[in-house]
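Here's the structure we're looking at; comments come further down.
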Amino acid sequence: MTEIKLYKSPWKAIRLLLLTLPFVIVGFYILSKQDSDRTMAWACICFFGLGIPLGLFNLFDRRPQIIIDEKGMFCRQSYSIFNKSVDKGFINWDAISNVYLKINKNSYRGLPLSPQKFICIIKKDNSRSDLGRKNPRSFGAFGLGDFNMPLLMTQKINEEKFVEFIKAMSDAGTAGRQSLLLITNF
């Protein structure tokens with residue numbers, strides 16, 4: 001069985017480490033001074049220090065984040081340990097009704113921040129896949145779908161081609177899906 005696997009980007013984990021480590025070092029430097037504000041130093045160390053284990057985890061985690069095969073897609077970031085359904089984080093191709101890309105362009109007081117990208121999937125009403133029953137707290141107000149795949153930590157891909165690929169896989173039959181998996185490049 002042919003599978004496509006997308007992994008976490010190690011460069012994004014290194015970037016997270018490089019962005020948080022200086023603040024932790026500055027926090028320890030402020031803490032070492034005799035006449036300094038210790039609460040500010042500890043706040044800096046504790047807050048930015050959380051980025052270090054998170055960055056190390058993302059750097060050394062070599063599990064695939066998105067797995068695509070003939071049956072459907074599995075997204076580890078959409079996987080929930082609190083979800084009681086059988087197919088956690090998995091959605092069948094037959095359950096997909098619509099797919100679109102959602103980009104949240106965040107800013108703070110006019111300063112652009114990192115955009116958050118999601119592949120949003122609207123599922124058919126009669127399907128029983130990942131979200132066994134309809135989620136009462138829908139993300140429709142945020143422009144998200146029933147099944148959302150965050151692309152924040154995944155390796156660099158062309159998101160538009162990826163959305164078109166998912167649409168083609170959901171529309172194709174079993175034999176067509178196998179051939180699409182073999183000729184994919186995004």
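By convention here, the chains of the structure tokens are called A, B, ... in the order presented, each chain's residues are numbered starting at 1, and ligands are numbered starting at 1 in the order presented.
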
Practice problem: Skip Arg63 (chain A) itself and residues of its chain fewer than 5 positions away, then list as a VMD selection string all residues within 9 Å of it, counting only C-alpha atoms. | Solution: chain A and resid 7 to 8 76

Exercise. Would you mind listing what lies within 10 Å of Gln178 (chain A) as a list of chain:residue names, with only C-alpha atoms counted and same-chain residues fewer than 2 positions away left out?
Key: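 Listed by chain and then number, they are A:Met1, A:Thr2, A:Glu3, A:Asp69, A:Glu70, A:Lys71, A:Met169, A:Ala172, A:Gly173, A:Thr174, A:Ala175, A:Gly176, A:Leu180, A:Leu181, A:Leu182, A:Ile183.
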
Would you save the residues of that selection, restricted to N, CA and C atoms, as a PDB file, in the first residue's frame?
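What follows is the written file part-v4.pdb:
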ATOM      1  N   MET A   1       0.840  -1.167   0.000  1.00  0.00           N
ATOM      2  CA  MET A   1       0.000   0.000   0.000  1.00  0.00           C
ATOM      3  C   MET A   1       0.895   1.243   0.000  1.00  0.00           C
ATOM      4  N   THR A   2       0.640   2.121  -0.923  1.00  0.00           N
ATOM      5  CA  THR A   2       1.409   3.350  -1.048  1.00  0.00           C
ATOM      6  C   THR A   2       0.905   4.387  -0.053  1.00  0.00           C
ATOM      7  N   GLU A   3       1.837   5.009   0.635  1.00  0.00           N
ATOM      8  CA  GLU A   3       1.501   6.049   1.605  1.00  0.00           C
ATOM      9  C   GLU A   3       2.369   7.280   1.358  1.00  0.00           C
ATOM     10  N   ASP A  69      -3.172   7.680   2.495  1.00  0.00           N
ATOM     11  CA  ASP A  69      -3.187   6.432   1.746  1.00  0.00           C
ATOM     12  C   ASP A  69      -4.501   6.318   0.981  1.00  0.00           C
ATOM     13  N   GLU A  70      -4.789   5.121   0.427  1.00  0.00           N
ATOM     14  CA  GLU A  70      -6.001   4.961  -0.395  1.00  0.00           C
ATOM     15  C   GLU A  70      -7.280   5.077   0.412  1.00  0.00           C
ATOM     16  N   LYS A  71      -7.231   4.773   1.704  1.00  0.00           N
ATOM     17  CA  LYS A  71      -8.434   4.788   2.534  1.00  0.00           C
ATOM     18  C   LYS A  71      -8.796   6.190   3.008  1.00  0.00           C
ATOM     19  N   MET A 169      -8.345  13.406  -4.523  1.00  0.00           N
ATOM     20  CA  MET A 169      -8.419  12.096  -3.867  1.00  0.00           C
ATOM     21  C   MET A 169      -9.834  11.802  -3.379  1.00  0.00           C
ATOM     22  N   ALA A 172     -11.913  10.882  -6.563  1.00  0.00           N
ATOM     23  CA  ALA A 172     -11.480   9.727  -7.341  1.00  0.00           C
ATOM     24  C   ALA A 172     -11.984   8.421  -6.735  1.00  0.00           C
ATOM     25  N   GLY A 173     -11.971   7.386  -7.559  1.00  0.00           N
ATOM     26  CA  GLY A 173     -12.302   6.044  -7.095  1.00  0.00           C
ATOM     27  C   GLY A 173     -11.069   5.384  -6.506  1.00  0.00           C
ATOM     28  N   THR A 174     -11.191   4.111  -6.152  1.00  0.00           N
ATOM     29  CA  THR A 174     -10.085   3.405  -5.510  1.00  0.00           C
ATOM     30  C   THR A 174      -8.871   3.295  -6.426  1.00  0.00           C
ATOM     31  N   ALA A 175      -9.079   2.949  -7.692  1.00  0.00           N
ATOM     32  CA  ALA A 175      -7.963   2.830  -8.634  1.00  0.00           C
ATOM     33  C   ALA A 175      -7.354   4.200  -8.929  1.00  0.00           C
ATOM     34  N   GLY A 176      -8.186   5.205  -9.019  1.00  0.00           N
ATOM     35  CA  GLY A 176      -7.690   6.554  -9.257  1.00  0.00           C
ATOM     36  C   GLY A 176      -6.872   7.083  -8.103  1.00  0.00           C
ATOM     37  N   LEU A 180      -3.050   8.493  -8.197  1.00  0.00           N
ATOM     38  CA  LEU A 180      -2.769   9.842  -7.687  1.00  0.00           C
ATOM     39  C   LEU A 180      -1.658   9.825  -6.632  1.00  0.00           C
ATOM     40  N   LEU A 181      -1.635   8.779  -5.810  1.00  0.00           N
ATOM     41  CA  LEU A 181      -0.594   8.670  -4.801  1.00  0.00           C
ATOM     42  C   LEU A 181       0.784   8.483  -5.426  1.00  0.00           C
ATOM     43  N   LEU A 182       0.819   7.827  -6.572  1.00  0.00           N
ATOM     44  CA  LEU A 182       2.108   7.562  -7.221  1.00  0.00           C
ATOM     45  C   LEU A 182       2.678   8.778  -7.943  1.00  0.00           C
ATOM     46  N   ILE A 183       1.816   9.689  -8.432  1.00  0.00           N
ATOM     47  CA  ILE A 183       2.309  10.804  -9.213  1.00  0.00           C
ATOM     48  C   ILE A 183       2.276  12.131  -8.447  1.00  0.00           C
TER      49      ILE A 183
END

Exercise. Can you work out which one of A:Phe28, A:Phe118, A:Phe48, A:Phe147 has the shortest atom-to-atom distance to Asn92 (chain A), counting only C-alpha atoms?
Key: A:Phe147

Exercise. Would you kindly return, as a ChimeraX atom specification, each protein, DNA or RNA residue with an atom no farther than 12 Å from any atom of region 104-114 of chain A, considering only C-alpha atoms and excluding same-chain residues fewer than 4 positions away?
Key: /A:12,118-119,142-144,150-153

Self-check item: DSSP strand (DSSP E or B) residues within region 5-182 of chain A, listed as a ChimeraX atom specification
Solution: /A:5-6,8,66-68,72-75,90-92,96-104,107-108,111-112,116-123,147-150,154

Which residues come within 6 Å of Ile67 (chain A), counting only C-alpha atoms, excluding same-chain residues fewer than 5 positions away, as a JSON list (two decimals) with C-alpha atoms, in the first residue's frame?
[["chain", "number", "residue", "atom", "x", "y", "z"],
["A", 4, "ILE", "CA", 2.56, 9.67, 1.67],
["A", 5, "LYS", "CA", 3.99, 10.86, 4.97],
["A", 73, "MET", "CA", -5.91, 10.73, 5.83],
["A", 74, "PHE", "CA", -4.56, 10.69, 9.36]]
